[in-house]
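> Provided herewith: query-v1.cif, mmCIF, C-alpha atoms.
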```cif
data_protein
#
loop_
_atom_site.label_atom_id
_atom_site.label_comp_id
_atom_site.auth_asym_id
_atom_site.auth_seq_id
_atom_site.Cartn_x
_atom_site.Cartn_y
_atom_site.Cartn_z
CA MET E 1 17.55 14.71 2.74
CA LEU E 2 17.42 18.49 2.83
CA THR E 3 21.19 18.71 3.08
CA MET E 4 21.45 16.92 -0.26
CA ILE E 5 19.56 19.70 -2.02
CA ASN E 6 21.57 22.73 -2.98
CA LEU E 7 19.78 25.46 -1.10
CA ASN E 8 20.43 28.35 -3.50
CA LEU E 9 18.05 26.98 -6.10
CA PRO E 10 16.10 29.28 -8.43
CA ALA E 11 12.51 29.99 -7.48
CA ASN E 12 10.88 27.65 -9.99
CA ASP E 13 12.97 24.73 -8.73
CA ILE E 14 11.90 25.45 -5.16
CA CYS E 15 8.25 25.36 -6.27
CA ALA E 16 8.93 22.09 -8.12
CA VAL E 17 10.54 20.53 -5.03
CA ILE E 18 7.60 21.54 -2.84
CA LEU E 19 5.08 20.11 -5.32
CA ILE E 20 7.00 16.85 -5.78
CA ILE E 21 7.41 16.31 -2.03
CA SER E 22 3.68 16.86 -1.44
CA GLY E 23 2.98 14.38 -4.24
CA LEU E 24 5.25 11.87 -2.52
CA PHE E 25 3.28 12.38 0.69
CA PHE E 26 0.05 11.46 -1.10
CA PHE E 27 1.70 8.42 -2.69
CA PHE E 28 2.87 7.32 0.76
CA THR E 29 -0.58 7.69 2.32
CA SER E 30 -2.27 5.82 -0.52
CA THR E 31 0.20 2.95 -0.19
CA LEU E 32 -0.36 2.93 3.57
CA GLY E 33 -4.10 2.71 2.97
CA LEU E 34 -3.62 -0.08 0.46
CA LEU E 35 -1.65 -2.05 3.02
CA ARG E 36 -3.63 -1.34 6.18
CA PHE E 37 -7.33 -0.97 5.32
CA PRO E 38 -9.52 -3.97 6.13
CA ASP E 39 -11.55 -4.29 2.96
CA LEU E 40 -11.36 -4.23 -0.82
CA TYR E 41 -13.63 -1.21 -1.16
CA SER E 42 -11.77 0.86 1.41
CA ARG E 43 -8.45 -0.02 -0.24
CA MET E 44 -9.92 1.23 -3.51
CA HIS E 45 -10.99 4.41 -1.72
CA ALA E 46 -7.38 4.97 -0.65
CA THR E 47 -5.62 4.33 -3.95
CA GLY E 48 -8.18 5.78 -6.34
CA LYS E 49 -7.99 9.29 -4.97
CA GLY E 50 -4.51 9.48 -3.48
CA ASP E 51 -2.72 8.26 -6.59
CA THR E 52 -4.63 10.65 -8.86
CA LEU E 53 -3.78 13.68 -6.76
CA ALA E 54 -0.16 12.58 -6.38
CA VAL E 55 0.32 12.17 -10.13
CA LEU E 56 -1.22 15.59 -10.71
CA LEU E 57 1.10 17.22 -8.16
CA ILE E 58 4.29 15.52 -9.38
CA THR E 59 3.50 16.21 -13.03
CA SER E 60 2.90 19.88 -12.34
CA GLY E 61 6.18 19.98 -10.44
CA ALA E 62 7.93 18.46 -13.44
CA ILE E 63 6.29 21.02 -15.75
CA ILE E 64 7.47 23.89 -13.54
CA HIS E 65 11.00 22.45 -13.47
CA HIS E 66 11.10 21.91 -17.23
CA GLY E 67 9.63 25.14 -18.53
CA LEU E 68 7.10 25.59 -21.27
CA ASN E 69 7.70 23.68 -24.49
CA LEU E 70 6.31 20.64 -26.33
CA ASN E 71 7.44 18.15 -23.68
CA SER E 72 5.63 19.97 -20.89
CA ALA E 73 2.52 20.06 -23.08
CA LYS E 74 2.78 16.27 -23.35
CA LEU E 75 3.26 16.07 -19.58
CA SER E 76 0.06 18.06 -19.03
CA LEU E 77 -1.72 15.69 -21.43
CA ILE E 78 -0.53 12.76 -19.29
CA ALA E 79 -1.86 14.53 -16.18
CA LEU E 80 -5.23 15.13 -17.88
CA PHE E 81 -5.42 11.51 -18.99
CA ILE E 82 -4.64 10.21 -15.49
CA PHE E 83 -7.21 12.64 -14.05
CA ILE E 84 -9.88 11.04 -16.25
CA ALA E 85 -8.69 7.43 -16.45
CA ASN E 86 -7.74 6.62 -12.86
CA PRO E 87 -11.20 7.22 -11.33
CA THR E 88 -12.75 5.37 -14.28
CA ALA E 89 -10.54 2.34 -13.64
CA THR E 90 -11.35 2.47 -9.93
CA HIS E 91 -15.07 2.61 -10.70
CA ALA E 92 -14.77 -0.36 -13.07
CA ILE E 93 -12.88 -2.39 -10.45
CA GLY E 94 -15.51 -1.57 -7.84
CA ARG E 95 -18.35 -2.59 -10.14
CA ALA E 96 -16.58 -5.88 -10.95
CA ALA E 97 -16.10 -6.57 -7.23
CA TYR E 98 -19.78 -5.84 -6.56
CA ARG E 99 -20.92 -8.11 -9.41
CA CYS E 100 -18.61 -10.83 -8.10
CA GLY E 101 -20.60 -10.74 -4.88
CA ILE E 102 -17.99 -9.44 -2.47
CA LYS E 103 -19.71 -7.96 0.58
CA PRO E 104 -18.39 -4.73 2.09
CA TRP E 105 -16.74 -4.76 5.50
CA LEU E 106 -18.91 -3.86 8.46
CA ARG E 107 -17.72 -2.73 11.83
CA ASN E 108 -18.87 -5.53 14.11
CA CYS E 109 -18.41 -8.53 11.87
CA LYS E 110 -15.18 -10.09 10.73
CA THR E 111 -14.73 -11.03 7.09
CA THR E 112 -13.15 -14.18 5.82
CA ASP E 113 -10.38 -14.17 3.25
CA SER E 114 -12.80 -14.52 0.36
CA GLY E 115 -14.67 -11.40 1.50
CA GLU E 116 -17.75 -13.10 2.95
CA PRO E 117 -18.85 -11.60 6.29
CA GLN E 118 -19.06 -14.00 9.21
CA LYS E 119 -20.38 -13.48 12.70
CA MET S 120 18.28 18.67 -8.80
CA ASN S 121 19.27 15.32 -10.33
CA THR S 122 20.15 14.01 -6.87
CA PHE S 123 16.71 15.02 -5.64
CA PHE S 124 15.04 13.20 -8.53
CA LEU S 125 17.17 10.13 -7.79
CA PHE S 126 16.04 10.09 -4.15
CA VAL S 127 12.41 10.54 -5.18
CA ASP S 128 12.77 7.53 -7.49
CA LEU S 129 14.30 5.49 -4.67
CA PHE S 130 11.39 6.35 -2.35
CA LEU S 131 8.87 5.43 -5.03
CA GLY S 132 10.69 2.12 -5.51
CA PHE S 133 10.19 1.31 -1.82
CA LEU S 134 6.49 2.20 -2.18
CA VAL S 135 6.26 -0.20 -5.15
CA LEU S 136 7.71 -2.93 -2.92
CA GLY S 137 4.95 -2.15 -0.39
CA CYS S 138 2.30 -2.51 -3.09
CA LEU S 139 3.91 -5.77 -4.19
CA TYR S 140 3.06 -7.21 -0.77
CA ARG S 141 -0.62 -6.71 -1.59
CA VAL S 142 -0.14 -8.24 -5.04
CA VAL S 143 1.44 -11.41 -3.67
CA LEU S 144 -0.68 -11.90 -0.54
CA GLY S 145 -3.94 -10.15 -1.48
CA PRO S 146 -6.97 -12.11 -0.28
CA THR S 147 -9.04 -11.77 -3.43
CA THR S 148 -8.17 -11.35 -7.10
CA ILE S 149 -9.66 -7.85 -7.17
CA ASP S 150 -7.21 -6.80 -4.43
CA ARG S 151 -4.35 -7.86 -6.67
CA MET S 152 -5.85 -5.85 -9.54
CA ILE S 153 -6.05 -2.70 -7.39
CA ALA S 154 -2.43 -3.12 -6.31
CA VAL S 155 -1.22 -3.71 -9.88
CA SER S 156 -3.02 -0.56 -11.01
CA ALA S 157 -1.35 1.41 -8.20
CA ILE S 158 2.05 0.00 -9.18
CA GLY S 159 1.42 1.11 -12.78
CA THR S 160 0.67 4.65 -11.62
CA LYS S 161 3.87 4.78 -9.57
CA THR S 162 5.89 3.43 -12.51
CA LEU S 163 4.55 6.29 -14.63
CA VAL S 164 6.01 8.85 -12.24
CA ILE S 165 9.29 6.91 -11.98
CA LEU S 166 9.60 7.00 -15.78
CA ILE S 167 9.01 10.76 -15.95
CA LEU S 168 11.70 11.41 -13.32
CA ILE S 169 14.15 8.98 -14.99
CA GLY S 170 13.68 11.03 -18.16
CA PHE S 171 14.78 14.12 -16.24
CA ILE S 172 17.79 12.30 -14.78
CA PHE S 173 18.99 11.03 -18.15
CA GLY S 174 18.27 14.33 -19.92
CA ARG S 175 16.05 12.62 -22.51
CA VAL S 176 12.64 13.99 -21.55
CA GLU S 177 11.30 13.92 -25.13
CA MET S 178 11.75 10.13 -25.32
CA PHE S 179 10.53 9.17 -21.85
CA VAL S 180 7.39 11.32 -22.05
CA ASP S 181 6.18 9.29 -25.03
CA ILE S 182 6.95 6.06 -23.18
CA CYS S 183 4.90 7.40 -20.24
CA THR S 184 1.92 8.12 -22.48
CA VAL S 185 1.93 4.59 -23.87
CA TYR S 186 2.39 3.14 -20.38
CA ALA S 187 -0.59 5.08 -19.01
CA LEU S 188 -2.79 3.91 -21.90
CA LEU S 189 -1.74 0.27 -21.49
CA ASN S 190 -2.28 0.34 -17.73
CA PHE S 191 -5.78 1.75 -18.13
CA LEU S 192 -6.76 -0.66 -20.91
CA GLY S 193 -5.36 -3.67 -19.06
CA THR S 194 -7.36 -2.80 -15.95
CA LEU S 195 -10.54 -2.30 -17.99
CA ALA S 196 -10.07 -5.63 -19.80
CA ALA S 197 -9.53 -7.53 -16.54
CA THR S 198 -12.59 -5.95 -14.90
CA LYS S 199 -14.70 -6.79 -17.98
CA TYR S 200 -13.55 -10.39 -17.73
CA PHE S 201 -14.45 -10.69 -14.06
CA GLU S 202 -17.83 -9.00 -14.59
CA GLU S 203 -18.77 -11.52 -17.26
CA LYS S 204 -17.47 -14.40 -15.18
CA GLY S 205 -19.50 -13.34 -12.16
CA LYS S 206 -17.12 -14.70 -9.51
CA CYS S 207 -13.45 -14.38 -8.71
#
```
Now that the file is in, can you turn its structure into structure tokens?

Amino acid sequence: MLTMINLNLPANDICAVILIISGLFFFFTSTLGLLRFPDLYSRMHATGKGDTLAVLLITSGAIIHHGLNLNSAKLSLIALFIFIANPTATHAIGRAAYRCGIKPWLRNCKTTDSGEPQK
Amino acid sequence: MNTFFLFVDLFLGFLVLGCLYRVVLGPTTIDRMIAVSAIGTKTLVILILIGFIFGRVEMFVDICTVYALLNFLGTLAATKYFEEKGKC
């Protein structure tokens, strides 16, 4: 993939590429956690933090690539909104799961598909 | 730089397919809600980068703002419903 990028980029584009690639790394790890973790709460733990950080990194990369004008101000507003709203949504989902009576996963007991622990 | 944005969009599309596995086969309803919220966040980034590819950033940034608001409000409405219902 590195051969696709023209290597005599200006300095701000190099910073933008580094930020966007690190954001992609966090998106990849959060998706991996969503697919591989054993429980609802641990899947929420993966996506709630990884996605927030990834959106912040990619948006700041886009701001650095675009320069400072009205559009980058709107991009920073999107980043601020995601920074507030994504943990709030995760907290609301977790509270709904707890009120629905889904038990968290423990180490030595398997859970059924509906989330109830069984010996 | 446009080629780089195109490859980033392609990678994010594959990640959305991975989240779609959890939406289709998720054991509980709340799992599906988490995965749909994650797909909405990835779509936000895809829209921003598509705006850079097409050269119409001023239009796609507004679409992104509305998409972020709708994703958040949809998640909150669904969680409110399941809290009142008490089971899922």
> Work out how far apart CA of Gly170 (chain S) and CA of Tyr140 (chain S) are and give it in Å to one decimal.
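Those two atoms sit 27.3 Å apart.
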> Show me, as a PyMOL selection string, the residues of chain E whose atoms get within 9 Å of chain S, using all atoms listed in the file for the distance check.
chain E and resi 1+4-6+9+13+17+20-21+24+27-28+30-32+34-35+39-40+43-44+47-48+51-52+55+58-59+62+66+70-72+74-75+77-78+81-82+85-86+88-90+92-102+112-115
> Could you state the separation of CA of Ala16 (chain E) and CA of Arg175 (chain S) in Å, given to one decimal place?
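We find that CA of Ala16 (chain E) and CA of Arg175 (chain S) lie 18.6 Å from each other.
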> To one decimal in Å, tell me the separation between CA of Pro87 (chain E) and CA of Ala46 (chain E).
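CA of Ala46 (chain E) lies at a distance of 11.6 Å from CA of Pro87 (chain E).
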> Which centre and edge lengths in Å to one decimal define the box along x, y and z that fits every listed atom of region 10-13 of chain E plus 5 Å per side, as JSON?

```
{"center_x": 13.5, "center_y": 27.4, "center_z": -8.7, "size_x": 15.2, "size_y": 15.3, "size_z": 12.5}
```
> Would you fill out region 120-155 of chain S with N, CA and C atoms and return it as a PDB file, in the frame of the given file?

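The result, written out as out-v9.pdb:
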```pdb
ATOM      1  N   MET S 120      19.666  19.035  -8.489  1.00  0.00           N
ATOM      2  CA  MET S 120      18.280  18.670  -8.800  1.00  0.00           C
ATOM      3  C   MET S 120      18.196  17.213  -9.246  1.00  0.00           C
ATOM      4  N   ASN S 121      19.274  16.720  -9.928  1.00  0.00           N
ATOM      5  CA  ASN S 121      19.270  15.320 -10.330  1.00  0.00           C
ATOM      6  C   ASN S 121      19.339  14.392  -9.126  1.00  0.00           C
ATOM      7  N   THR S 122      20.092  14.819  -8.091  1.00  0.00           N
ATOM      8  CA  THR S 122      20.150  14.010  -6.870  1.00  0.00           C
ATOM      9  C   THR S 122      18.795  13.912  -6.210  1.00  0.00           C
ATOM     10  N   PHE S 123      18.066  15.027  -6.210  1.00  0.00           N
ATOM     11  CA  PHE S 123      16.710  15.020  -5.640  1.00  0.00           C
ATOM     12  C   PHE S 123      15.799  14.066  -6.400  1.00  0.00           C
ATOM     13  N   PHE S 124      15.883  14.109  -7.746  1.00  0.00           N
ATOM     14  CA  PHE S 124      15.040  13.200  -8.530  1.00  0.00           C
ATOM     15  C   PHE S 124      15.412  11.747  -8.271  1.00  0.00           C
ATOM     16  N   LEU S 125      16.724  11.497  -8.072  1.00  0.00           N
ATOM     17  CA  LEU S 125      17.170  10.130  -7.790  1.00  0.00           C
ATOM     18  C   LEU S 125      16.604   9.627  -6.464  1.00  0.00           C
ATOM     19  N   PHE S 126      16.584  10.509  -5.438  1.00  0.00           N
ATOM     20  CA  PHE S 126      16.040  10.090  -4.150  1.00  0.00           C
ATOM     21  C   PHE S 126      14.537   9.881  -4.216  1.00  0.00           C
ATOM     22  N   VAL S 127      13.849  10.728  -5.006  1.00  0.00           N
ATOM     23  CA  VAL S 127      12.410  10.540  -5.180  1.00  0.00           C
ATOM     24  C   VAL S 127      12.134   9.196  -5.833  1.00  0.00           C
ATOM     25  N   ASP S 128      12.948   8.829  -6.840  1.00  0.00           N
ATOM     26  CA  ASP S 128      12.770   7.530  -7.490  1.00  0.00           C
ATOM     27  C   ASP S 128      13.008   6.382  -6.530  1.00  0.00           C
ATOM     28  N   LEU S 129      14.005   6.542  -5.649  1.00  0.00           N
ATOM     29  CA  LEU S 129      14.300   5.490  -4.670  1.00  0.00           C
ATOM     30  C   LEU S 129      13.124   5.298  -3.719  1.00  0.00           C
ATOM     31  N   PHE S 130      12.541   6.418  -3.252  1.00  0.00           N
ATOM     32  CA  PHE S 130      11.390   6.350  -2.350  1.00  0.00           C
ATOM     33  C   PHE S 130      10.210   5.678  -3.029  1.00  0.00           C
ATOM     34  N   LEU S 131       9.983   6.048  -4.315  1.00  0.00           N
ATOM     35  CA  LEU S 131       8.870   5.430  -5.030  1.00  0.00           C
ATOM     36  C   LEU S 131       9.120   3.943  -5.247  1.00  0.00           C
ATOM     37  N   GLY S 132      10.390   3.544  -5.396  1.00  0.00           N
ATOM     38  CA  GLY S 132      10.690   2.120  -5.510  1.00  0.00           C
ATOM     39  C   GLY S 132      10.326   1.360  -4.243  1.00  0.00           C
ATOM     40  N   PHE S 133      10.591   1.958  -3.073  1.00  0.00           N
ATOM     41  CA  PHE S 133      10.190   1.310  -1.820  1.00  0.00           C
ATOM     42  C   PHE S 133       8.671   1.219  -1.726  1.00  0.00           C
ATOM     43  N   LEU S 134       7.958   2.256  -2.211  1.00  0.00           N
ATOM     44  CA  LEU S 134       6.490   2.200  -2.180  1.00  0.00           C
ATOM     45  C   LEU S 134       5.975   1.104  -3.097  1.00  0.00           C
ATOM     46  N   VAL S 135       6.662   0.890  -4.244  1.00  0.00           N
ATOM     47  CA  VAL S 135       6.260  -0.200  -5.150  1.00  0.00           C
ATOM     48  C   VAL S 135       6.448  -1.544  -4.459  1.00  0.00           C
ATOM     49  N   LEU S 136       7.522  -1.674  -3.673  1.00  0.00           N
ATOM     50  CA  LEU S 136       7.710  -2.930  -2.920  1.00  0.00           C
ATOM     51  C   LEU S 136       6.562  -3.132  -1.924  1.00  0.00           C
ATOM     52  N   GLY S 137       6.088  -2.036  -1.293  1.00  0.00           N
ATOM     53  CA  GLY S 137       4.950  -2.150  -0.390  1.00  0.00           C
ATOM     54  C   GLY S 137       3.695  -2.592  -1.097  1.00  0.00           C
ATOM     55  N   CYS S 138       3.473  -2.068  -2.328  1.00  0.00           N
ATOM     56  CA  CYS S 138       2.300  -2.510  -3.090  1.00  0.00           C
ATOM     57  C   CYS S 138       2.443  -3.958  -3.518  1.00  0.00           C
ATOM     58  N   LEU S 139       3.676  -4.398  -3.740  1.00  0.00           N
ATOM     59  CA  LEU S 139       3.910  -5.770  -4.190  1.00  0.00           C
ATOM     60  C   LEU S 139       3.510  -6.783  -3.126  1.00  0.00           C
ATOM     61  N   TYR S 140       3.561  -6.347  -1.850  1.00  0.00           N
ATOM     62  CA  TYR S 140       3.060  -7.210  -0.770  1.00  0.00           C
ATOM     63  C   TYR S 140       1.592  -7.530  -0.998  1.00  0.00           C
ATOM     64  N   ARG S 141       0.811  -6.495  -1.364  1.00  0.00           N
ATOM     65  CA  ARG S 141      -0.620  -6.710  -1.590  1.00  0.00           C
ATOM     66  C   ARG S 141      -0.862  -7.543  -2.841  1.00  0.00           C
ATOM     67  N   VAL S 142       0.028  -7.422  -3.835  1.00  0.00           N
ATOM     68  CA  VAL S 142      -0.140  -8.240  -5.040  1.00  0.00           C
ATOM     69  C   VAL S 142       0.083  -9.709  -4.722  1.00  0.00           C
ATOM     70  N   VAL S 143       1.113 -10.005  -3.928  1.00  0.00           N
ATOM     71  CA  VAL S 143       1.440 -11.410  -3.670  1.00  0.00           C
ATOM     72  C   VAL S 143       0.443 -12.026  -2.697  1.00  0.00           C
ATOM     73  N   LEU S 144       0.105 -11.307  -1.607  1.00  0.00           N
ATOM     74  CA  LEU S 144      -0.680 -11.900  -0.540  1.00  0.00           C
ATOM     75  C   LEU S 144      -2.123 -11.405  -0.490  1.00  0.00           C
ATOM     76  N   GLY S 145      -2.589 -10.705  -1.526  1.00  0.00           N
ATOM     77  CA  GLY S 145      -3.940 -10.150  -1.480  1.00  0.00           C
ATOM     78  C   GLY S 145      -4.980 -11.234  -1.337  1.00  0.00           C
ATOM     79  N   PRO S 146      -6.000 -11.034  -0.503  1.00  0.00           N
ATOM     80  CA  PRO S 146      -6.970 -12.110  -0.280  1.00  0.00           C
ATOM     81  C   PRO S 146      -7.764 -12.470  -1.537  1.00  0.00           C
ATOM     82  N   THR S 147      -8.252 -11.464  -2.243  1.00  0.00           N
ATOM     83  CA  THR S 147      -9.040 -11.770  -3.430  1.00  0.00           C
ATOM     84  C   THR S 147      -8.275 -11.324  -4.684  1.00  0.00           C
ATOM     85  N   THR S 148      -8.814 -11.733  -5.831  1.00  0.00           N
ATOM     86  CA  THR S 148      -8.170 -11.350  -7.100  1.00  0.00           C
ATOM     87  C   THR S 148      -8.298  -9.865  -7.360  1.00  0.00           C
ATOM     88  N   ILE S 149      -9.427  -9.274  -6.918  1.00  0.00           N
ATOM     89  CA  ILE S 149      -9.660  -7.850  -7.170  1.00  0.00           C
ATOM     90  C   ILE S 149      -8.646  -6.997  -6.399  1.00  0.00           C
ATOM     91  N   ASP S 150      -8.261  -7.491  -5.187  1.00  0.00           N
ATOM     92  CA  ASP S 150      -7.210  -6.800  -4.430  1.00  0.00           C
ATOM     93  C   ASP S 150      -5.919  -6.730  -5.233  1.00  0.00           C
ATOM     94  N   ARG S 151      -5.579  -7.846  -5.859  1.00  0.00           N
ATOM     95  CA  ARG S 151      -4.350  -7.860  -6.670  1.00  0.00           C
ATOM     96  C   ARG S 151      -4.457  -6.886  -7.835  1.00  0.00           C
ATOM     97  N   MET S 152      -5.682  -6.779  -8.412  1.00  0.00           N
ATOM     98  CA  MET S 152      -5.850  -5.850  -9.540  1.00  0.00           C
ATOM     99  C   MET S 152      -5.683  -4.406  -9.090  1.00  0.00           C
ATOM    100  N   ILE S 153      -6.215  -4.068  -7.909  1.00  0.00           N
ATOM    101  CA  ILE S 153      -6.050  -2.700  -7.390  1.00  0.00           C
ATOM    102  C   ILE S 153      -4.573  -2.399  -7.185  1.00  0.00           C
ATOM    103  N   ALA S 154      -3.841  -3.368  -6.602  1.00  0.00           N
ATOM    104  CA  ALA S 154      -2.430  -3.120  -6.310  1.00  0.00           C
ATOM    105  C   ALA S 154      -1.617  -3.008  -7.587  1.00  0.00           C
ATOM    106  N   VAL S 155      -1.950  -3.805  -8.624  1.00  0.00           N
ATOM    107  CA  VAL S 155      -1.220  -3.710  -9.880  1.00  0.00           C
ATOM    108  C   VAL S 155      -1.476  -2.361 -10.553  1.00  0.00           C
TER     109      VAL S 155
END
```
